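Undergrad: Just so it is clear, I am handing over data_0.txt, which has compact mmCIF, N, CA and C atoms.
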# COMPACT_ATOMS: atom_id res chain seq x y z
N MET A 1 170.66 119.51 -12.01
CA MET A 1 170.77 118.31 -11.21
C MET A 1 170.13 118.57 -9.84
N ALA A 2 169.29 117.67 -9.36
CA ALA A 2 168.60 117.84 -8.08
C ALA A 2 169.57 117.64 -6.92
N GLU A 3 169.35 118.45 -5.89
CA GLU A 3 170.19 118.34 -4.70
C GLU A 3 169.76 117.10 -3.91
N ARG A 4 170.73 116.34 -3.48
CA ARG A 4 170.45 115.13 -2.71
C ARG A 4 170.26 115.50 -1.25
N THR A 5 169.23 114.96 -0.64
CA THR A 5 168.93 115.29 0.75
C THR A 5 169.00 114.03 1.61
N THR A 6 169.71 114.14 2.69
CA THR A 6 169.81 113.04 3.65
C THR A 6 168.55 113.01 4.50
N ARG A 7 168.02 111.83 4.71
CA ARG A 7 166.91 111.67 5.64
C ARG A 7 167.51 111.27 6.99
N TRP A 8 167.10 111.96 8.04
CA TRP A 8 167.61 111.72 9.39
C TRP A 8 166.52 111.07 10.23
N GLU A 9 166.87 110.00 10.93
CA GLU A 9 165.94 109.31 11.82
C GLU A 9 166.59 109.14 13.19
N LEU A 10 165.82 108.70 14.16
CA LEU A 10 166.30 108.52 15.53
C LEU A 10 165.82 107.17 16.05
N LYS A 11 166.72 106.47 16.74
CA LYS A 11 166.39 105.14 17.24
C LYS A 11 167.19 104.86 18.51
N ARG A 12 166.61 104.08 19.39
CA ARG A 12 167.34 103.67 20.60
C ARG A 12 168.32 102.54 20.25
N VAL A 13 169.45 102.53 20.89
CA VAL A 13 170.45 101.50 20.65
C VAL A 13 169.94 100.13 21.07
N TYR A 14 168.95 100.09 21.97
CA TYR A 14 168.41 98.83 22.47
C TYR A 14 167.36 98.25 21.53
N ASP A 15 166.94 99.02 20.53
CA ASP A 15 166.03 98.51 19.50
C ASP A 15 166.84 97.71 18.49
N GLU A 16 166.19 96.75 17.88
CA GLU A 16 166.87 95.88 16.92
C GLU A 16 167.42 96.69 15.74
N PRO A 17 168.73 96.57 15.45
CA PRO A 17 169.27 97.25 14.27
C PRO A 17 168.71 96.63 13.00
N SER A 18 168.66 97.43 11.96
CA SER A 18 168.13 96.97 10.69
C SER A 18 168.95 97.56 9.56
N GLU A 19 169.04 96.84 8.45
CA GLU A 19 169.72 97.39 7.28
C GLU A 19 168.99 98.63 6.80
N ALA A 20 167.70 98.71 7.10
CA ALA A 20 166.89 99.87 6.70
C ALA A 20 167.27 101.13 7.47
N ASP A 21 168.12 101.00 8.51
CA ASP A 21 168.56 102.16 9.30
C ASP A 21 169.56 103.03 8.53
N GLY A 22 170.12 102.51 7.47
CA GLY A 22 171.16 103.25 6.76
C GLY A 22 172.41 103.33 7.61
N VAL A 23 173.05 104.49 7.62
CA VAL A 23 174.24 104.71 8.44
C VAL A 23 173.78 104.91 9.88
N ARG A 24 174.38 104.19 10.82
CA ARG A 24 173.99 104.29 12.24
C ARG A 24 175.08 105.06 12.99
N VAL A 25 174.69 106.19 13.58
CA VAL A 25 175.64 107.06 14.28
C VAL A 25 175.20 107.19 15.74
N LEU A 26 176.02 106.67 16.64
CA LEU A 26 175.76 106.81 18.08
C LEU A 26 176.11 108.22 18.51
N VAL A 27 175.17 108.93 19.12
CA VAL A 27 175.41 110.32 19.51
C VAL A 27 175.34 110.50 21.03
N ASP A 28 175.77 109.48 21.75
CA ASP A 28 175.94 109.54 23.21
C ASP A 28 177.43 109.70 23.49
N ARG A 29 177.75 110.42 24.54
CA ARG A 29 179.16 110.58 24.91
C ARG A 29 179.72 109.25 25.43
N LEU A 30 178.90 108.53 26.19
CA LEU A 30 179.33 107.26 26.76
C LEU A 30 178.71 106.11 25.98
N TRP A 31 179.42 104.97 25.92
CA TRP A 31 178.87 103.80 25.26
C TRP A 31 177.73 103.27 26.13
N PRO A 32 176.59 102.91 25.54
CA PRO A 32 175.44 102.43 26.31
C PRO A 32 175.73 101.12 27.04
N ARG A 33 175.18 101.01 28.23
CA ARG A 33 175.40 99.81 29.05
C ARG A 33 174.71 98.60 28.44
N GLY A 34 175.40 97.48 28.56
CA GLY A 34 174.81 96.20 28.20
C GLY A 34 174.69 95.92 26.72
N VAL A 35 175.31 96.74 25.89
CA VAL A 35 175.24 96.52 24.43
C VAL A 35 176.67 96.43 23.90
N SER A 36 176.97 95.33 23.25
CA SER A 36 178.30 95.19 22.67
C SER A 36 178.38 95.97 21.37
N LYS A 37 179.59 96.27 20.96
CA LYS A 37 179.77 96.98 19.69
C LYS A 37 179.24 96.15 18.54
N ALA A 38 179.39 94.84 18.61
CA ALA A 38 178.89 93.96 17.55
C ALA A 38 177.36 94.00 17.48
N GLU A 39 176.71 94.00 18.64
CA GLU A 39 175.24 94.03 18.68
C GLU A 39 174.67 95.36 18.19
N ALA A 40 175.39 96.43 18.45
CA ALA A 40 174.88 97.77 18.17
C ALA A 40 174.93 98.13 16.68
N HIS A 41 175.85 97.53 15.95
CA HIS A 41 176.00 97.83 14.52
C HIS A 41 176.14 99.33 14.27
N ILE A 42 177.04 99.96 15.01
CA ILE A 42 177.27 101.39 14.91
C ILE A 42 178.36 101.65 13.86
N ASP A 43 178.09 102.59 12.95
CA ASP A 43 179.07 102.96 11.94
C ASP A 43 180.02 104.05 12.44
N GLU A 44 179.51 104.89 13.34
CA GLU A 44 180.34 105.96 13.92
C GLU A 44 179.83 106.26 15.32
N HIS A 45 180.77 106.49 16.23
CA HIS A 45 180.44 106.96 17.58
C HIS A 45 180.84 108.43 17.62
N ALA A 46 179.87 109.30 17.41
CA ALA A 46 180.12 110.74 17.27
C ALA A 46 180.03 111.41 18.64
N THR A 47 181.04 111.20 19.47
CA THR A 47 181.01 111.78 20.82
C THR A 47 180.99 113.30 20.79
N GLY A 48 181.57 113.89 19.75
CA GLY A 48 181.60 115.34 19.65
C GLY A 48 180.23 115.96 19.43
N ALA A 49 179.27 115.16 18.99
CA ALA A 49 177.91 115.66 18.78
C ALA A 49 177.04 115.49 20.02
N ALA A 50 177.57 114.83 21.04
CA ALA A 50 176.83 114.60 22.28
C ALA A 50 176.94 115.82 23.18
N PRO A 51 175.99 115.99 24.10
CA PRO A 51 176.10 117.08 25.07
C PRO A 51 177.35 116.92 25.92
N SER A 52 177.87 118.02 26.41
CA SER A 52 179.04 117.97 27.30
C SER A 52 178.69 117.17 28.55
N THR A 53 179.70 116.64 29.19
CA THR A 53 179.51 115.88 30.42
C THR A 53 178.80 116.75 31.46
N GLU A 54 179.21 118.01 31.56
CA GLU A 54 178.59 118.91 32.55
C GLU A 54 177.10 119.09 32.27
N LEU A 55 176.75 119.31 31.01
CA LEU A 55 175.34 119.50 30.67
C LEU A 55 174.55 118.21 30.89
N ARG A 56 175.11 117.11 30.48
CA ARG A 56 174.44 115.81 30.65
C ARG A 56 174.17 115.52 32.12
N GLU A 57 175.18 115.78 32.97
CA GLU A 57 175.01 115.53 34.40
C GLU A 57 174.01 116.50 35.02
N TRP A 58 174.02 117.77 34.60
CA TRP A 58 173.06 118.74 35.12
C TRP A 58 171.64 118.32 34.76
N TYR A 59 171.45 117.89 33.50
CA TYR A 59 170.12 117.51 33.02
C TYR A 59 169.58 116.28 33.74
N GLY A 60 170.38 115.24 33.83
CA GLY A 60 169.98 114.02 34.53
C GLY A 60 168.71 113.39 33.99
N HIS A 61 168.35 113.66 32.74
CA HIS A 61 167.14 113.12 32.09
C HIS A 61 165.87 113.48 32.85
N ASP A 62 165.86 114.68 33.46
CA ASP A 62 164.68 115.19 34.16
C ASP A 62 163.82 115.94 33.15
N PRO A 63 162.64 115.40 32.78
CA PRO A 63 161.80 116.05 31.77
C PRO A 63 161.45 117.50 32.10
N GLU A 64 161.41 117.85 33.37
CA GLU A 64 161.11 119.23 33.75
C GLU A 64 162.24 120.18 33.35
N ARG A 65 163.44 119.66 33.17
CA ARG A 65 164.58 120.48 32.75
C ARG A 65 164.82 120.44 31.24
N PHE A 66 163.97 119.71 30.51
CA PHE A 66 164.25 119.48 29.10
C PHE A 66 164.34 120.76 28.28
N ASP A 67 163.43 121.69 28.45
CA ASP A 67 163.46 122.91 27.64
C ASP A 67 164.77 123.67 27.82
N GLU A 68 165.21 123.78 29.08
CA GLU A 68 166.49 124.47 29.34
C GLU A 68 167.66 123.63 28.81
N PHE A 69 167.58 122.33 28.98
CA PHE A 69 168.61 121.43 28.44
C PHE A 69 168.73 121.62 26.93
N ALA A 70 167.59 121.60 26.24
CA ALA A 70 167.59 121.73 24.78
C ALA A 70 168.21 123.06 24.36
N LYS A 71 167.88 124.13 25.06
CA LYS A 71 168.44 125.45 24.76
C LYS A 71 169.97 125.43 24.93
N ARG A 72 170.44 124.88 26.04
CA ARG A 72 171.89 124.82 26.30
C ARG A 72 172.61 123.90 25.30
N TYR A 73 171.96 122.79 24.98
CA TYR A 73 172.56 121.84 24.04
C TYR A 73 172.65 122.46 22.64
N ARG A 74 171.61 123.16 22.22
CA ARG A 74 171.67 123.84 20.91
C ARG A 74 172.81 124.85 20.89
N ALA A 75 173.03 125.53 22.01
CA ALA A 75 174.14 126.49 22.09
C ALA A 75 175.48 125.75 21.97
N GLU A 76 175.59 124.59 22.61
CA GLU A 76 176.82 123.80 22.48
C GLU A 76 177.02 123.36 21.03
N LEU A 77 175.95 122.93 20.37
CA LEU A 77 176.05 122.51 18.97
C LEU A 77 176.48 123.68 18.09
N ASP A 78 175.95 124.87 18.37
CA ASP A 78 176.33 126.06 17.60
C ASP A 78 177.81 126.37 17.78
N THR A 79 178.28 126.28 19.01
CA THR A 79 179.68 126.59 19.31
C THR A 79 180.63 125.57 18.70
N SER A 80 180.27 124.30 18.81
CA SER A 80 181.17 123.23 18.34
C SER A 80 181.09 122.99 16.83
N GLY A 81 179.96 123.32 16.25
CA GLY A 81 179.77 123.03 14.83
C GLY A 81 179.54 121.55 14.55
N ALA A 82 179.25 120.77 15.60
CA ALA A 82 179.13 119.32 15.45
C ALA A 82 177.97 118.90 14.55
N ALA A 83 176.84 119.58 14.64
CA ALA A 83 175.69 119.22 13.80
C ALA A 83 176.02 119.49 12.33
N GLY A 84 176.64 120.62 12.07
CA GLY A 84 177.03 120.94 10.70
C GLY A 84 178.04 119.95 10.15
N ALA A 85 178.96 119.52 11.00
CA ALA A 85 179.97 118.55 10.57
C ALA A 85 179.32 117.21 10.23
N LEU A 86 178.34 116.79 11.03
CA LEU A 86 177.63 115.54 10.71
C LEU A 86 176.86 115.68 9.41
N ALA A 87 176.17 116.80 9.25
CA ALA A 87 175.39 117.02 8.03
C ALA A 87 176.29 116.99 6.80
N GLU A 88 177.45 117.61 6.92
CA GLU A 88 178.39 117.64 5.79
C GLU A 88 178.97 116.24 5.51
N LYS A 89 179.35 115.54 6.58
CA LYS A 89 179.95 114.22 6.42
C LYS A 89 179.00 113.24 5.73
N TYR A 90 177.71 113.34 6.06
CA TYR A 90 176.74 112.38 5.53
C TYR A 90 175.82 113.01 4.49
N ALA A 91 176.26 114.05 3.84
CA ALA A 91 175.45 114.75 2.84
C ALA A 91 175.03 113.83 1.68
N ASP A 92 175.83 112.84 1.38
CA ASP A 92 175.51 111.94 0.27
C ASP A 92 174.85 110.65 0.72
N ALA A 93 174.63 110.51 2.02
CA ALA A 93 173.97 109.29 2.52
C ALA A 93 172.45 109.47 2.40
N PRO A 94 171.76 108.50 1.84
CA PRO A 94 170.31 108.64 1.72
C PRO A 94 169.60 108.63 3.08
N LEU A 95 170.14 107.87 4.06
CA LEU A 95 169.52 107.76 5.37
C LEU A 95 170.59 107.62 6.44
N VAL A 96 170.45 108.42 7.49
CA VAL A 96 171.31 108.32 8.66
C VAL A 96 170.41 108.19 9.88
N THR A 97 170.64 107.17 10.70
CA THR A 97 169.89 106.99 11.93
C THR A 97 170.77 107.37 13.10
N LEU A 98 170.34 108.39 13.84
CA LEU A 98 171.01 108.76 15.08
C LEU A 98 170.60 107.73 16.12
N VAL A 99 171.55 107.22 16.86
CA VAL A 99 171.29 106.17 17.84
C VAL A 99 171.64 106.70 19.22
N ILE A 100 170.71 106.47 20.17
CA ILE A 100 170.91 106.94 21.55
C ILE A 100 170.57 105.81 22.53
N GLY A 101 171.04 105.96 23.75
CA GLY A 101 170.74 104.99 24.79
C GLY A 101 169.59 105.39 25.69
N ALA A 102 169.17 106.62 25.66
CA ALA A 102 168.13 107.13 26.57
C ALA A 102 166.82 106.39 26.41
N ARG A 103 166.15 106.16 27.53
CA ARG A 103 164.83 105.53 27.50
C ARG A 103 163.77 106.47 26.93
N ASP A 104 163.86 107.73 27.34
CA ASP A 104 162.86 108.73 26.96
C ASP A 104 163.36 109.49 25.73
N VAL A 105 162.99 109.00 24.57
CA VAL A 105 163.46 109.57 23.31
C VAL A 105 162.97 111.01 23.15
N GLU A 106 161.76 111.30 23.56
CA GLU A 106 161.18 112.63 23.39
C GLU A 106 161.91 113.71 24.19
N HIS A 107 162.58 113.31 25.27
CA HIS A 107 163.31 114.26 26.11
C HIS A 107 164.80 113.94 26.09
N SER A 108 165.32 113.69 24.90
CA SER A 108 166.73 113.28 24.77
C SER A 108 167.51 114.24 23.89
N GLN A 109 168.83 114.13 23.97
CA GLN A 109 169.69 114.91 23.09
C GLN A 109 169.49 114.49 21.65
N GLY A 110 169.13 113.23 21.44
CA GLY A 110 168.88 112.75 20.09
C GLY A 110 167.76 113.51 19.40
N LYS A 111 166.72 113.80 20.14
CA LYS A 111 165.58 114.55 19.60
C LYS A 111 166.01 115.97 19.21
N VAL A 112 166.80 116.62 20.05
CA VAL A 112 167.28 117.98 19.78
C VAL A 112 168.18 117.98 18.55
N LEU A 113 169.12 117.04 18.50
CA LEU A 113 170.05 116.95 17.37
C LEU A 113 169.31 116.60 16.08
N LEU A 114 168.36 115.70 16.16
CA LEU A 114 167.56 115.32 14.99
C LEU A 114 166.85 116.54 14.41
N GLU A 115 166.21 117.33 15.27
CA GLU A 115 165.52 118.54 14.79
C GLU A 115 166.49 119.50 14.13
N ARG A 116 167.66 119.66 14.71
CA ARG A 116 168.67 120.55 14.15
C ARG A 116 169.11 120.08 12.76
N LEU A 117 169.38 118.79 12.64
CA LEU A 117 169.84 118.24 11.36
C LEU A 117 168.74 118.31 10.30
N ARG A 118 167.53 118.04 10.68
CA ARG A 118 166.42 118.11 9.72
C ARG A 118 166.19 119.54 9.24
N ARG A 119 166.40 120.51 10.09
CA ARG A 119 166.23 121.92 9.70
C ARG A 119 167.33 122.40 8.78
N GLN A 120 168.48 121.76 8.81
CA GLN A 120 169.59 122.19 7.96
C GLN A 120 169.34 121.86 6.50
N HIS A 121 168.35 121.04 6.22
CA HIS A 121 168.06 120.66 4.83
C HIS A 121 166.86 121.38 4.31
Have the structure of the file written as structure tokens, please.
TA:
Amino acid sequence: MAERTTRWELKRVYDEPSEADGVRVLVDRLWPRGVSKAEAHIDEHATGAAPSTELREWYGHDPERFDEFAKRYRAELDTSGAAGALAEKYADAPLVTLVIGARDVEHSQGKVLLERLRRQH
């Protein structure tokens, strides 16, 4: 029997939700401003998979700090086991879309977490 693999994607919460998103998991510690829960169509708010408040505040979405942020965030994910827990929880889901509020997707925690989850498969 073939092993089933979850496909992981990343999307901003401010982008239009779609049924094609599969399971939508918000991976921000705080709920994004200006978006209601009904509008967001979030299936889970996985605050445990988000960077710590201290790390988030230190980073401040400064692209020059991204490499160090990513290193520290990966260490937090290793310590908490949050990425593994998400991978296990959604192992049978064909598609999971990580949802974030950040404007700069390329320099976000979502990008780091997405890479981690994709490597686990």
Undergrad: If you count all atoms listed in the file, which residues fall within 8 Å of A:Leu86, apart from same-chain ones fewer than 5 positions away, as a count of residues only?
TA: 4
Undergrad: So that I can check the secondary structure, give me every residue of chain A assigned strand (DSSP E) by backbone DSSP, as a list in words.
TA: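 Filtering chain A to strand (DSSP E) leaves Arg7, Trp8, Glu9, Leu10, Lys11, Arg12, Val23, Arg24, Val25, Leu26, Glu44, His45, Leu95, Val96, Thr97, Leu98, Val99 and Ile100 of chain A.
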Undergrad: For each of A:Thr5, A:Glu88, A:Ala38, A:Ser108, take the minimum atom-to-atom distance to A:Arg65, counting only C-alpha atoms, then give the residue where this is smallest.
TA: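 Selected residue with least distance to A:Arg65: A:Ser108.
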Undergrad: Looking only at helix (DSSP H, G or I) from DSSP on the backbone, list the matching residues of chain A as an MDAnalysis selection string.
TA: chainID A and resid 19:21 37:40 47:49 53:59 63:80 82:89 105:107 109:119
Undergrad: Please return as number ranges by chain every residue within 8 Å of (169.0, 109.9, 1.5), taking into account only N, CA and C atoms and the file's own coordinates.
TA: A: 4-8, 91-96
Undergrad: For a quick check of understanding, using only N, CA and C atoms, which of A:Trp58, A:Thr53, A:Glu19, A:Gly48 has the smallest distance to A:Leu77?
TA: A:Gly48
Undergrad: Can you work out which one of A:Arg72, A:Ala40, A:Arg33, A:Glu16 has the shortest atom-to-atom distance to A:Leu55, counting all atoms listed in the file?
TA: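 Once distances to A:Leu55 are computed over all atoms listed in the file, the minimum belongs to A:Arg72.
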Undergrad: Please, what distance in Å, to one decimal, runs between atom CA of A:His107 and atom CA of A:Glu76?
TA: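 It comes out at 16.9 Å.
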Undergrad: Atom N of A:Thr97 to atom N of A:Arg74: how many Å, to one decimal?
TA: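 So the two atoms, atom N of A:Thr97 and atom N of A:Arg74, lie 19.7 Å apart.
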Undergrad: For A:Leu30, which residue among A:Tyr59, A:Phe66, A:Ile100, A:Tyr73 is the nearest when counting only C-alpha atoms?
TA: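 Comparing A:Tyr59, A:Phe66, A:Ile100, A:Tyr73 against A:Leu30, the winner is A:Ile100.
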Undergrad: Name the closest residue to A:Ala50 among the candidates A:Asp28, A:Asp62, A:Arg118, A:Leu113; distances are taken between atoms, counting only C-alpha atoms.
TA: A:Asp28
Undergrad: Go through A:Val99, A:Ala75, A:Leu114, A:Ala70 one by one, measure the shortest atom-to-atom distance of each to A:Asp21 using only C-alpha atoms, and give the residue with the smallest value.
TA: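 Using only C-alpha atoms, A:Asp21 sits closest to A:Val99.
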Undergrad: Do you have the atom CA of A:Arg56-atom CA of A:Ala102 distance handy?
TA: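 Taking atom CA of A:Arg56 as the start and atom CA of A:Ala102 as the end point, the length is 11.5 Å.
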Undergrad: Write out as a PyMOL selection string which residues come within 6.5 Å of A:Ile42 when counting only N, CA and C atoms, dropping same-chain ones fewer than 2 positions away.
TA: chain A and resi 24-26+37-40+44-45
Undergrad: Contacts of A:Arg116 at 8 Å or less, counting all atoms listed in the file, minus same-chain residues fewer than 5 places along, as a PyMOL selection string?
TA: chain A and resi 83-84+110-111+121
Undergrad: Could you complete stretch 95-111 of chain A so that it carries N, CA, C and O atoms, and give it back as an mmCIF file, in the frame of the given file?
TA:
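Listed below is the output, out12.cif:
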data_model
loop_
_atom_site.group_PDB
_atom_site.id
_atom_site.type_symbol
_atom_site.label_atom_id
_atom_site.label_comp_id
_atom_site.auth_asym_id
_atom_site.auth_seq_id
_atom_site.Cartn_x
_atom_site.Cartn_y
_atom_site.Cartn_z
ATOM 1 N N LEU A 95 170.140 107.870 4.060
ATOM 2 C CA LEU A 95 169.520 107.760 5.370
ATOM 3 C C LEU A 95 170.590 107.620 6.440
ATOM 4 O O LEU A 95 171.497 106.797 6.314
ATOM 5 N N VAL A 96 170.450 108.420 7.490
ATOM 6 C CA VAL A 96 171.310 108.320 8.660
ATOM 7 C C VAL A 96 170.410 108.190 9.880
ATOM 8 O O VAL A 96 169.494 109.005 10.064
ATOM 9 N N THR A 97 170.640 107.170 10.700
ATOM 10 C CA THR A 97 169.890 106.990 11.930
ATOM 11 C C THR A 97 170.770 107.370 13.100
ATOM 12 O O THR A 97 171.842 106.784 13.297
ATOM 13 N N LEU A 98 170.340 108.390 13.840
ATOM 14 C CA LEU A 98 171.010 108.760 15.080
ATOM 15 C C LEU A 98 170.600 107.730 16.120
ATOM 16 O O LEU A 98 169.407 107.423 16.255
ATOM 17 N N VAL A 99 171.550 107.220 16.860
ATOM 18 C CA VAL A 99 171.290 106.170 17.840
ATOM 19 C C VAL A 99 171.640 106.700 19.220
ATOM 20 O O VAL A 99 172.697 107.314 19.420
ATOM 21 N N ILE A 100 170.710 106.470 20.170
ATOM 22 C CA ILE A 100 170.910 106.940 21.550
ATOM 23 C C ILE A 100 170.570 105.810 22.530
ATOM 24 O O ILE A 100 169.878 104.869 22.179
ATOM 25 N N GLY A 101 171.040 105.960 23.750
ATOM 26 C CA GLY A 101 170.740 104.990 24.790
ATOM 27 C C GLY A 101 169.590 105.390 25.690
ATOM 28 O O GLY A 101 169.061 104.557 26.419
ATOM 29 N N ALA A 102 169.170 106.620 25.660
ATOM 30 C CA ALA A 102 168.130 107.130 26.570
ATOM 31 C C ALA A 102 166.820 106.390 26.410
ATOM 32 O O ALA A 102 166.422 106.034 25.303
ATOM 33 N N ARG A 103 166.150 106.160 27.530
ATOM 34 C CA ARG A 103 164.830 105.530 27.500
ATOM 35 C C ARG A 103 163.770 106.470 26.930
ATOM 36 O O ARG A 103 162.892 106.069 26.206
ATOM 37 N N ASP A 104 163.860 107.730 27.340
ATOM 38 C CA ASP A 104 162.860 108.730 26.960
ATOM 39 C C ASP A 104 163.360 109.490 25.730
ATOM 40 O O ASP A 104 164.052 110.496 25.835
ATOM 41 N N VAL A 105 162.990 109.000 24.570
ATOM 42 C CA VAL A 105 163.460 109.570 23.310
ATOM 43 C C VAL A 105 162.970 111.010 23.150
ATOM 44 O O VAL A 105 163.707 111.866 22.658
ATOM 45 N N GLU A 106 161.760 111.300 23.560
ATOM 46 C CA GLU A 106 161.180 112.630 23.390
ATOM 47 C C GLU A 106 161.910 113.710 24.190
ATOM 48 O O GLU A 106 161.841 114.878 23.845
ATOM 49 N N HIS A 107 162.580 113.310 25.270
ATOM 50 C CA HIS A 107 163.310 114.260 26.110
ATOM 51 C C HIS A 107 164.800 113.940 26.090
ATOM 52 O O HIS A 107 165.457 113.946 27.126
ATOM 53 N N SER A 108 165.320 113.690 24.900
ATOM 54 C CA SER A 108 166.730 113.280 24.770
ATOM 55 C C SER A 108 167.510 114.240 23.890
ATOM 56 O O SER A 108 166.934 114.999 23.108
ATOM 57 N N GLN A 109 168.830 114.130 23.970
ATOM 58 C CA GLN A 109 169.690 114.910 23.090
ATOM 59 C C GLN A 109 169.490 114.490 21.650
ATOM 60 O O GLN A 109 169.633 115.283 20.725
ATOM 61 N N GLY A 110 169.130 113.230 21.440
ATOM 62 C CA GLY A 110 168.880 112.750 20.090
ATOM 63 C C GLY A 110 167.760 113.510 19.400
ATOM 64 O O GLY A 110 167.863 113.867 18.231
ATOM 65 N N LYS A 111 166.720 113.800 20.140
ATOM 66 C CA LYS A 111 165.580 114.550 19.600
ATOM 67 C C LYS A 111 166.010 115.970 19.210
ATOM 68 O O LYS A 111 165.644 116.471 18.146
#
